[in-house]
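Coordinates from protein.pdb are shown below (PDB, C-alpha atoms).
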ATOM      1  CA  MET A   1     -14.330 -50.905  15.442
ATOM      2  CA  SER A   2     -13.152 -47.394  14.767
ATOM      3  CA  SER A   3      -9.508 -46.889  13.907
ATOM      4  CA  SER A   4      -9.624 -43.145  13.235
ATOM      5  CA  ASP A   5      -7.121 -40.974  15.108
ATOM      6  CA  GLY A   6      -9.160 -37.813  14.509
ATOM      7  CA  PRO A   7     -12.551 -37.041  16.027
ATOM      8  CA  ALA A   8     -15.595 -38.576  14.384
ATOM      9  CA  GLY A   9     -18.564 -36.353  13.700
ATOM     10  CA  SER A  10     -18.680 -33.255  11.580
ATOM     11  CA  PRO A  11     -16.387 -30.226  11.946
ATOM     12  CA  ASP A  12     -19.044 -28.224  10.084
ATOM     13  CA  ALA A  13     -21.607 -29.258  12.687
ATOM     14  CA  LEU A  14     -19.211 -28.120  15.414
ATOM     15  CA  GLU A  15     -18.900 -24.728  13.718
ATOM     16  CA  ASP A  16     -22.697 -24.514  13.603
ATOM     17  CA  LEU A  17     -22.837 -25.336  17.322
ATOM     18  CA  LEU A  18     -20.234 -22.684  18.133
ATOM     19  CA  ASP A  19     -22.321 -20.179  16.148
ATOM     20  CA  LEU A  20     -25.356 -21.273  18.166
ATOM     21  CA  LEU A  21     -23.471 -20.483  21.376
ATOM     22  CA  ASP A  22     -22.129 -17.129  20.165
ATOM     23  CA  LEU A  23     -24.933 -15.030  21.620
ATOM     24  CA  GLU A  24     -25.841 -11.563  20.406
ATOM     25  CA  ARG A  25     -25.507  -8.930  23.108
ATOM     26  CA  ILE A  26     -28.578  -6.684  22.813
ATOM     27  CA  GLU A  27     -28.101  -4.805  26.109
ATOM     28  CA  GLU A  28     -25.520  -4.755  28.882
ATOM     29  CA  ASP A  29     -26.875  -7.881  30.582
ATOM     30  CA  ILE A  30     -29.330  -9.112  27.934
ATOM     31  CA  PHE A  31     -28.389 -11.614  25.234
ATOM     32  CA  ARG A  32     -30.209 -13.317  22.384
ATOM     33  CA  GLY A  33     -29.484 -16.712  20.878
ATOM     34  CA  PRO A  34     -30.954 -18.758  18.028
ATOM     35  CA  SER A  35     -32.820 -22.026  18.497
ATOM     36  CA  ARG A  36     -32.923 -25.288  16.615
ATOM     37  CA  SER A  37     -34.917 -28.484  16.888
ATOM     38  CA  ALA A  38     -33.616 -31.551  18.712
ATOM     39  CA  VAL A  39     -34.349 -35.215  17.937
ATOM     40  CA  VAL A  40     -37.885 -34.499  19.117
ATOM     41  CA  PRO A  41     -39.542 -31.240  17.948
ATOM     42  CA  ARG A  42     -38.398 -28.978  20.770
ATOM     43  CA  VAL A  43     -35.228 -27.155  21.791
ATOM     44  CA  PHE A  44     -32.571 -29.469  23.253
ATOM     45  CA  GLY A  45     -32.144 -28.729  26.957
ATOM     46  CA  GLY A  46     -28.355 -28.846  26.710
ATOM     47  CA  GLN A  47     -28.482 -26.025  24.188
ATOM     48  CA  VAL A  48     -30.431 -23.750  26.532
ATOM     49  CA  ALA A  49     -28.164 -24.579  29.489
ATOM     50  CA  ALA A  50     -25.011 -23.957  27.445
ATOM     51  CA  GLN A  51     -26.310 -20.662  26.062
ATOM     52  CA  ALA A  52     -27.278 -19.551  29.570
ATOM     53  CA  MET A  53     -23.740 -20.286  30.755
ATOM     54  CA  VAL A  54     -22.369 -18.224  27.868
ATOM     55  CA  ALA A  55     -24.583 -15.314  28.940
ATOM     56  CA  ALA A  56     -23.532 -15.625  32.588
ATOM     57  CA  GLY A  57     -19.849 -15.990  31.761
ATOM     58  CA  ARG A  58     -19.779 -12.900  29.584
ATOM     59  CA  THR A  59     -20.617 -10.761  32.621
ATOM     60  CA  VAL A  60     -17.836 -12.212  34.802
ATOM     61  CA  ALA A  61     -14.169 -11.209  35.106
ATOM     62  CA  ALA A  62     -11.826 -13.380  33.030
ATOM     63  CA  ASP A  63      -9.828 -14.551  36.075
ATOM     64  CA  ARG A  64     -12.876 -16.385  37.498
ATOM     65  CA  THR A  65     -14.028 -19.708  36.096
ATOM     66  CA  ALA A  66     -17.343 -21.441  36.661
ATOM     67  CA  HIS A  67     -17.334 -23.955  39.493
ATOM     68  CA  SER A  68     -21.052 -24.807  39.624
ATOM     69  CA  LEU A  69     -24.416 -24.384  37.959
ATOM     70  CA  HIS A  70     -27.933 -25.249  39.096
ATOM     71  CA  ALA A  71     -30.775 -25.065  36.601
ATOM     72  CA  TYR A  72     -34.483 -25.782  36.131
ATOM     73  CA  PHE A  73     -36.258 -26.493  32.856
ATOM     74  CA  LEU A  74     -39.622 -24.754  33.117
ATOM     75  CA  ARG A  75     -41.262 -24.974  29.679
ATOM     76  CA  THR A  76     -40.622 -26.643  26.347
ATOM     77  CA  GLY A  77     -38.516 -24.436  24.085
ATOM     78  CA  ASP A  78     -39.823 -23.410  20.659
ATOM     79  CA  PRO A  79     -37.194 -24.313  18.022
ATOM     80  CA  ASP A  80     -38.604 -21.700  15.626
ATOM     81  CA  ALA A  81     -38.099 -18.689  17.897
ATOM     82  CA  PRO A  82     -34.962 -17.042  19.357
ATOM     83  CA  ILE A  83     -34.307 -17.174  23.091
ATOM     84  CA  VAL A  84     -33.571 -14.058  25.164
ATOM     85  CA  TYR A  85     -31.289 -14.442  28.195
ATOM     86  CA  THR A  86     -31.384 -11.868  30.991
ATOM     87  CA  VAL A  87     -28.540 -11.890  33.518
ATOM     88  CA  ASP A  88     -28.815 -10.697  37.122
ATOM     89  CA  ARG A  89     -25.485  -9.798  38.739
ATOM     90  CA  ILE A  90     -26.304 -11.268  42.144
ATOM     91  CA  ARG A  91     -22.885 -10.804  43.764
ATOM     92  CA  ASP A  92     -19.286  -9.912  42.965
ATOM     93  CA  GLY A  93     -17.224 -10.897  45.994
ATOM     94  CA  ARG A  94     -13.502 -11.062  46.614
ATOM     95  CA  SER A  95     -13.297 -14.726  45.567
ATOM     96  CA  PHE A  96     -16.730 -15.689  44.228
ATOM     97  CA  THR A  97     -19.100 -14.247  41.646
ATOM     98  CA  SER A  98     -22.777 -15.273  41.414
ATOM     99  CA  ARG A  99     -25.091 -14.858  38.437
ATOM    100  CA  ARG A 100     -28.718 -15.736  37.749
ATOM    101  CA  VAL A 101     -29.930 -16.195  34.172
ATOM    102  CA  VAL A 102     -33.518 -16.448  32.920
ATOM    103  CA  ALA A 103     -34.236 -17.710  29.391
ATOM    104  CA  ILE A 104     -37.368 -16.190  27.845
ATOM    105  CA  GLN A 105     -39.448 -17.092  24.796
ATOM    106  CA  HIS A 106     -42.771 -15.552  23.775
ATOM    107  CA  GLY A 107     -42.731 -13.457  26.944
ATOM    108  CA  GLN A 108     -42.475 -16.437  29.306
ATOM    109  CA  PRO A 109     -39.521 -17.951  31.188
ATOM    110  CA  ILE A 110     -38.625 -21.394  29.853
ATOM    111  CA  PHE A 111     -35.475 -21.993  31.926
ATOM    112  CA  HIS A 112     -33.499 -20.434  34.736
ATOM    113  CA  LEU A 113     -29.971 -21.014  35.933
ATOM    114  CA  SER A 114     -27.787 -19.968  38.846
ATOM    115  CA  ALA A 115     -24.046 -20.104  38.280
ATOM    116  CA  SER A 116     -21.099 -19.430  40.559
ATOM    117  CA  PHE A 117     -17.564 -18.480  39.514
ATOM    118  CA  HIS A 118     -14.414 -18.683  41.611
ATOM    119  CA  THR A 119     -10.888 -17.312  41.536
ATOM    120  CA  TYR A 120      -8.416 -20.215  41.648
ATOM    121  CA  GLU A 121      -6.766 -20.846  45.009
ATOM    122  CA  GLU A 122      -4.688 -23.609  46.607
ATOM    123  CA  GLY A 123      -6.459 -26.031  48.947
ATOM    124  CA  LEU A 124      -6.948 -29.606  50.131
ATOM    125  CA  GLU A 125      -6.801 -32.212  47.370
ATOM    126  CA  HIS A 126      -8.392 -35.649  46.886
ATOM    127  CA  GLN A 127     -10.704 -37.359  44.395
ATOM    128  CA  SER A 128     -12.474 -40.627  43.562
ATOM    129  CA  GLU A 129     -10.605 -43.124  41.447
ATOM    130  CA  MET A 130     -11.480 -43.219  37.763
ATOM    131  CA  PRO A 131     -13.514 -46.345  36.880
ATOM    132  CA  ARG A 132     -12.226 -48.782  34.333
ATOM    133  CA  ALA A 133     -13.245 -48.220  30.720
ATOM    134  CA  PRO A 134     -11.883 -49.312  27.337
ATOM    135  CA  ASP A 135      -9.896 -46.850  25.260
ATOM    136  CA  PRO A 136     -12.249 -44.642  23.249
ATOM    137  CA  GLU A 137     -10.463 -45.364  19.965
ATOM    138  CA  THR A 138     -11.395 -49.052  20.294
ATOM    139  CA  LEU A 139     -15.124 -48.231  20.401
ATOM    140  CA  PRO A 140     -17.413 -47.783  17.386
ATOM    141  CA  THR A 141     -18.764 -44.343  16.537
ATOM    142  CA  GLY A 142     -22.440 -43.477  16.400
ATOM    143  CA  ALA A 143     -22.259 -43.436  12.599
ATOM    144  CA  GLU A 144     -21.018 -47.031  12.714
ATOM    145  CA  THR A 145     -23.648 -48.359  15.136
ATOM    146  CA  LEU A 146     -26.847 -46.427  14.462
ATOM    147  CA  PRO A 147     -27.559 -47.946  11.018
ATOM    148  CA  GLY A 148     -27.850 -51.335  12.716
ATOM    149  CA  TYR A 149     -30.291 -49.993  15.272
ATOM    150  CA  ALA A 150     -32.259 -48.200  12.550
ATOM    151  CA  ALA A 151     -33.066 -51.536  10.956
ATOM    152  CA  GLY A 152     -34.637 -52.650  14.217
ATOM    153  CA  LEU A 153     -36.286 -50.488  16.848
ATOM    154  CA  VAL A 154     -35.222 -46.932  16.121
ATOM    155  CA  GLY A 155     -36.204 -46.418  12.475
ATOM    156  CA  GLN A 156     -34.115 -44.748   9.795
ATOM    157  CA  ASP A 157     -35.659 -41.298  10.217
ATOM    158  CA  ILE A 158     -34.983 -41.199  13.960
ATOM    159  CA  ALA A 159     -31.483 -42.615  13.489
ATOM    160  CA  ASP A 160     -30.692 -39.879  10.958
ATOM    161  CA  ARG A 161     -32.053 -37.173  13.263
ATOM    162  CA  LEU A 162     -30.073 -38.534  16.207
ATOM    163  CA  LEU A 163     -26.864 -38.546  14.148
ATOM    164  CA  GLU A 164     -27.551 -34.989  12.999
ATOM    165  CA  ALA A 165     -28.291 -33.791  16.551
ATOM    166  CA  ARG A 166     -24.991 -35.243  17.808
ATOM    167  CA  ALA A 167     -22.845 -34.485  14.765
ATOM    168  CA  ALA A 168     -20.819 -31.802  16.570
ATOM    169  CA  VAL A 169     -19.650 -34.376  19.130
ATOM    170  CA  ASP A 170     -17.727 -37.635  18.835
ATOM    171  CA  LEU A 171     -19.733 -39.676  21.362
ATOM    172  CA  ARG A 172     -19.019 -43.397  21.817
ATOM    173  CA  TYR A 173     -20.933 -45.799  24.071
ATOM    174  CA  VAL A 174     -18.902 -48.342  26.024
ATOM    175  CA  ASP A 175     -21.923 -50.715  26.059
ATOM    176  CA  THR A 176     -25.132 -50.942  24.076
ATOM    177  CA  PRO A 177     -27.276 -47.784  24.459
ATOM    178  CA  PRO A 178     -30.868 -48.042  25.737
ATOM    179  CA  TYR A 179     -32.388 -47.959  22.248
ATOM    180  CA  GLY A 180     -30.229 -50.953  21.288
ATOM    181  CA  SER A 181     -31.392 -53.262  24.086
ATOM    182  CA  VAL A 182     -35.126 -52.625  24.487
ATOM    183  CA  GLY A 183     -36.922 -55.214  26.598
ATOM    184  CA  THR A 184     -33.824 -56.307  28.525
ATOM    185  CA  PRO A 185     -33.423 -54.586  31.923
ATOM    186  CA  ARG A 186     -29.780 -54.010  32.834
ATOM    187  CA  GLU A 187     -27.705 -52.509  35.593
ATOM    188  CA  PRO A 188     -28.553 -48.776  35.756
ATOM    189  CA  ARG A 189     -25.114 -47.667  34.624
ATOM    190  CA  SER A 190     -23.810 -46.301  31.344
ATOM    191  CA  GLN A 191     -20.432 -45.043  30.170
ATOM    192  CA  VAL A 192     -19.698 -42.898  27.155
ATOM    193  CA  TRP A 193     -16.543 -41.237  25.929
ATOM    194  CA  PHE A 194     -16.991 -37.868  24.240
ATOM    195  CA  ARG A 195     -15.084 -34.972  22.707
ATOM    196  CA  THR A 196     -15.991 -32.280  20.215
ATOM    197  CA  ALA A 197     -15.607 -33.039  16.514
ATOM    198  CA  GLY A 198     -12.684 -30.633  16.164
ATOM    199  CA  LYS A 199     -10.323 -28.413  18.119
ATOM    200  CA  LEU A 200     -11.488 -25.488  20.224
ATOM    201  CA  THR A 201      -9.825 -22.294  21.381
ATOM    202  CA  ASP A 202      -8.276 -22.146  24.859
ATOM    203  CA  ASP A 203     -11.140 -20.145  26.407
ATOM    204  CA  PRO A 204     -12.096 -22.102  29.607
ATOM    205  CA  LEU A 205     -15.694 -20.825  29.441
ATOM    206  CA  LEU A 206     -16.133 -22.355  25.993
ATOM    207  CA  HIS A 207     -15.026 -25.787  27.229
ATOM    208  CA  ILE A 208     -17.387 -25.533  30.204
ATOM    209  CA  CYS A 209     -20.285 -24.578  27.931
ATOM    210  CA  LEU A 210     -19.568 -27.451  25.518
ATOM    211  CA  ALA A 211     -19.419 -29.947  28.404
ATOM    212  CA  THR A 212     -22.707 -28.517  29.694
ATOM    213  CA  TYR A 213     -24.228 -29.039  26.243
ATOM    214  CA  VAL A 214     -23.152 -32.695  26.043
ATOM    215  CA  SER A 215     -24.049 -33.481  29.660
ATOM    216  CA  ASP A 216     -27.780 -33.387  28.854
ATOM    217  CA  MET A 217     -27.538 -35.962  26.040
ATOM    218  CA  THR A 218     -27.279 -39.254  27.930
ATOM    219  CA  LEU A 219     -27.591 -38.672  31.677
ATOM    220  CA  LEU A 220     -30.995 -40.355  32.004
ATOM    221  CA  ASP A 221     -29.874 -43.427  30.031
ATOM    222  CA  PRO A 222     -29.267 -45.442  33.250
ATOM    223  CA  VAL A 223     -32.916 -44.926  34.253
ATOM    224  CA  LEU A 224     -34.007 -46.371  30.911
ATOM    225  CA  LEU A 225     -31.543 -49.263  31.152
ATOM    226  CA  ALA A 226     -32.919 -50.321  34.546
ATOM    227  CA  HIS A 227     -36.328 -50.888  32.961
ATOM    228  CA  GLY A 228     -35.367 -52.100  29.485
ATOM    229  CA  ARG A 229     -36.753 -48.956  27.873
ATOM    230  CA  GLY A 230     -35.402 -47.412  24.688
ATOM    231  CA  GLY A 231     -36.341 -43.825  25.484
ATOM    232  CA  TRP A 232     -37.683 -40.938  23.461
ATOM    233  CA  VAL A 233     -36.135 -42.230  20.233
ATOM    234  CA  THR A 234     -38.153 -45.462  20.392
ATOM    235  CA  GLY A 235     -41.282 -43.895  21.883
ATOM    236  CA  ASP A 236     -41.686 -46.330  24.781
ATOM    237  CA  VAL A 237     -41.352 -43.458  27.271
ATOM    238  CA  VAL A 238     -42.050 -39.752  27.121
ATOM    239  CA  GLY A 239     -40.331 -37.197  29.257
ATOM    240  CA  ALA A 240     -37.948 -34.310  29.642
ATOM    241  CA  SER A 241     -35.237 -32.910  31.905
ATOM    242  CA  LEU A 242     -36.543 -31.207  35.033
ATOM    243  CA  ASP A 243     -33.429 -29.876  36.718
ATOM    244  CA  HIS A 244     -29.689 -30.110  36.168
ATOM    245  CA  ALA A 245     -26.681 -29.417  38.369
ATOM    246  CA  MET A 246     -22.947 -29.474  37.602
ATOM    247  CA  TRP A 247     -19.800 -28.889  39.640
ATOM    248  CA  PHE A 248     -16.570 -28.136  37.779
ATOM    249  CA  HIS A 249     -13.688 -29.421  39.900
ATOM    250  CA  ARG A 250     -10.580 -29.314  37.714
ATOM    251  CA  PRO A 251      -9.495 -27.886  34.352
ATOM    252  CA  PHE A 252     -10.383 -29.938  31.280
ATOM    253  CA  ARG A 253     -10.735 -29.598  27.529
ATOM    254  CA  ALA A 254     -13.963 -30.559  25.769
ATOM    255  CA  ASP A 255     -11.988 -31.279  22.576
ATOM    256  CA  GLU A 256     -10.049 -34.058  24.333
ATOM    257  CA  TRP A 257     -11.535 -37.375  25.447
ATOM    258  CA  LEU A 258     -13.736 -37.249  28.559
ATOM    259  CA  LEU A 259     -15.279 -40.310  30.224
ATOM    260  CA  TYR A 260     -18.916 -39.782  31.260
ATOM    261  CA  ASP A 261     -19.629 -42.418  33.938
ATOM    262  CA  GLN A 262     -23.381 -42.379  34.664
ATOM    263  CA  THR A 263     -25.626 -44.189  37.141
ATOM    264  CA  SER A 264     -29.193 -43.985  38.435
ATOM    265  CA  PRO A 265     -29.876 -44.628  42.130
ATOM    266  CA  THR A 266     -33.672 -44.378  41.852
ATOM    267  CA  SER A 267     -36.805 -43.770  39.824
ATOM    268  CA  HIS A 268     -40.217 -43.207  41.383
ATOM    269  CA  GLY A 269     -43.415 -41.248  40.884
ATOM    270  CA  GLY A 270     -42.849 -40.544  37.191
ATOM    271  CA  ARG A 271     -39.352 -39.148  37.797
ATOM    272  CA  GLY A 272     -35.886 -40.658  37.432
ATOM    273  CA  LEU A 273     -32.548 -39.497  38.814
ATOM    274  CA  GLY A 274     -29.260 -39.652  36.959
ATOM    275  CA  GLN A 275     -25.888 -38.876  38.509
ATOM    276  CA  ALA A 276     -22.474 -38.938  36.904
ATOM    277  CA  ARG A 277     -18.780 -38.143  37.068
ATOM    278  CA  ILE A 278     -16.743 -36.881  34.139
ATOM    279  CA  PHE A 279     -13.049 -37.791  34.068
ATOM    280  CA  THR A 280     -10.247 -36.653  31.804
ATOM    281  CA  ARG A 281      -8.424 -39.405  29.972
ATOM    282  CA  ASP A 282      -5.542 -39.277  32.442
ATOM    283  CA  GLY A 283      -7.875 -39.899  35.398
ATOM    284  CA  GLU A 284      -8.592 -36.406  36.721
ATOM    285  CA  LEU A 285     -12.118 -35.962  38.101
ATOM    286  CA  ALA A 286     -13.204 -32.870  36.176
ATOM    287  CA  ILE A 287     -16.984 -32.591  36.669
ATOM    288  CA  SER A 288     -19.824 -34.006  38.773
ATOM    289  CA  VAL A 289     -23.371 -33.967  37.359
ATOM    290  CA  ILE A 290     -26.864 -34.704  38.702
ATOM    291  CA  GLN A 291     -30.147 -34.488  36.814
ATOM    292  CA  GLU A 292     -33.746 -35.435  37.463
ATOM    293  CA  GLY A 293     -36.165 -35.975  34.623
ATOM    294  CA  VAL A 294     -39.832 -36.760  34.210
ATOM    295  CA  ILE A 295     -40.125 -40.191  32.599
ATOM    296  CA  ARG A 296     -43.620 -41.490  31.844
ATOM    297  CA  VAL A 297     -44.748 -44.705  30.190
ATOM    298  CA  PRO A 298     -47.363 -43.837  27.532
ATOM    299  CA  ARG A 299     -50.836 -45.150  28.229
ATOM    300  CA  ASP A 300     -52.438 -47.426  25.660
TER     301      ASP A 300
END

Could you rewrite the structure in this file as structure tokens?
Amino acid sequence: MSSSDGPAGSPDALEDLLDLLDLERIEEDIFRGPSRSAVVPRVFGGQVAAQAMVAAGRTVAADRTAHSLHAYFLRTGDPDAPIVYTVDRIRDGRSFTSRRVVAIQHGQPIFHLSASFHTYEEGLEHQSEMPRAPDPETLPTGAETLPGYAAGLVGQDIADRLLEARAAVDLRYVDTPPYGSVGTPREPRSQVWFRTAGKLTDDPLLHICLATYVSDMTLLDPVLLAHGRGGWVTGDVVGASLDHAMWFHRPFRADEWLLYDQTSPTSHGGRGLGQARIFTRDGELAISVIQEGVIRVPRD
């Protein structure tokens, strides 16, 4: 078990991630960001979504925070080429601001996102109760568990790449991840605690973008668990994110523990649906997330 009071992971990796999200402004509403490879040789979808939110947020007044995003992954991203983000200022209303962002590589759109921002106002208040989960400090880190999986189904090379891809985040599974229980179907539910591997500034947009980045890491795990599949890291399925939606309900910090409670109500026709709630450690419902992905079993 982990007994560390500080975040696991690499502060240097977090700095690299923050650099990745610090887009270059090349025109008033046009931005450019670097790419990097994920565990598989393509751009990680969470990176593109987070960069798109950075681009959208930089065209919005500071008194308005993001309350929702809806996105589609259109093409596989090339990790060896930069990504250009064009922002359309759809609407600037008295309370709400709407933006549309298209991510372009090699002259083609690979991703598009619609985001809405809202000025805070008082209103009705209720929320779902936070589910039970063990304290994050009592759970092992990825660095503590992945070597054991590497000896079995994952392989050392994949385990190393997975650790590197997640090094900017301290992410801890409550139960065994899909790649640790291949061949044993389980309830389609997974919980992880996460926080960044170091402190962040107080900019609310940055915390939203970091949560967006992490939200794409594990949301389809419950689909895999239902069928005893290990996922892309074990090669017993192939697939990718299709669309992604998030609603930001309450303030939160991505550098403090967040519980990612994930389920899957269905899979059918080569697609699987993941849905989740993200709670702060003190029980506030901060974010709701839904994603559908294509998940195919390779043919012999």

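Note that CA of Val214 (chain A) and CA of Asp22 (chain A) are 16.7 Å apart.
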
key: Nearest to Ala49 (chain A) by atom-to-atom distance, counting only C-alpha atoms, from A:Thr263, A:Gln156, A:Thr201, A:Ser114   =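 Closest candidate: A:Ser114.
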
request  = Would you mind reading off the distance between CA of His118 (chain A) and CA of Ser98 (chain A), one decimal, in Å?
outcome  =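 CA of Ser98 (chain A) lies 9.0 Å from CA of His118 (chain A).
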
inquiry  = What's around Ala103 (chain A) at 8 Å? Count only C-alpha atoms, leave out sequence neighbours fewer than 5 positions away in its own chain, and write the answer as a list in words.
reply    =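 The neighbour list is Val48, Ala52, Ile83, Val84, Tyr85, Thr86, Pro109, Ile110, Phe111 and His112 of chain A.
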
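Shortest atom-to-atom contact with Gly228 (chain A) among A:Arg91, A:Arg186, A:Arg296, A:His70: A:Arg186, counting all atoms listed in the file.
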
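Here CA of Ser215 (chain A) is placed at a distance of 15.9 Å from CA of Gly272 (chain A).
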
task = Could you tell me which of A:Asp80, A:Val39, A:Thr176, A:Ala8 comes closest to Met217 (chain A) if we count all atoms listed in the file?
result =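 The answer is A:Val39, which sits nearest to Met217 (chain A).
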
task = Identify which of the residues A:Leu74, A:Ala254, A:Val102, A:Leu210 lies closest to Gly293 (chain A), counting all atoms listed in the file when measuring atom-to-atom distances.
result =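 Going through A:Leu74, A:Ala254, A:Val102, A:Leu210 one by one, the smallest distance to Gly293 (chain A) is for A:Leu74.
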
ask   = For Ile290 (chain A), which residue among A:Tyr213, A:Leu163, A:Leu146, A:Leu69 is the nearest when counting only C-alpha atoms?
value =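 Among the listed residues, the smallest separation from Ile290 (chain A) belongs to A:Leu69.
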
Selection result for the PyMOL selection byres ((chain A and resi 246) around 7) on this file, as an mmCIF file with C-alpha atoms, in the frame of the given file:
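Output saved as expr13.cif:
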data_model
loop_
_atom_site.group_PDB
_atom_site.id
_atom_site.type_symbol
_atom_site.label_atom_id
_atom_site.label_comp_id
_atom_site.auth_asym_id
_atom_site.auth_seq_id
_atom_site.Cartn_x
_atom_site.Cartn_y
_atom_site.Cartn_z
ATOM 1 C CA SER A 68 -21.052 -24.807 39.624
ATOM 2 C CA LEU A 69 -24.416 -24.384 37.959
ATOM 3 C CA HIS A 70 -27.933 -25.249 39.096
ATOM 4 C CA HIS A 244 -29.689 -30.110 36.168
ATOM 5 C CA ALA A 245 -26.681 -29.417 38.369
ATOM 6 C CA TRP A 247 -19.800 -28.889 39.640
ATOM 7 C CA PHE A 248 -16.570 -28.136 37.779
ATOM 8 C CA ILE A 287 -16.984 -32.591 36.669
ATOM 9 C CA SER A 288 -19.824 -34.006 38.773
ATOM 10 C CA VAL A 289 -23.371 -33.967 37.359
ATOM 11 C CA ILE A 290 -26.864 -34.704 38.702
#
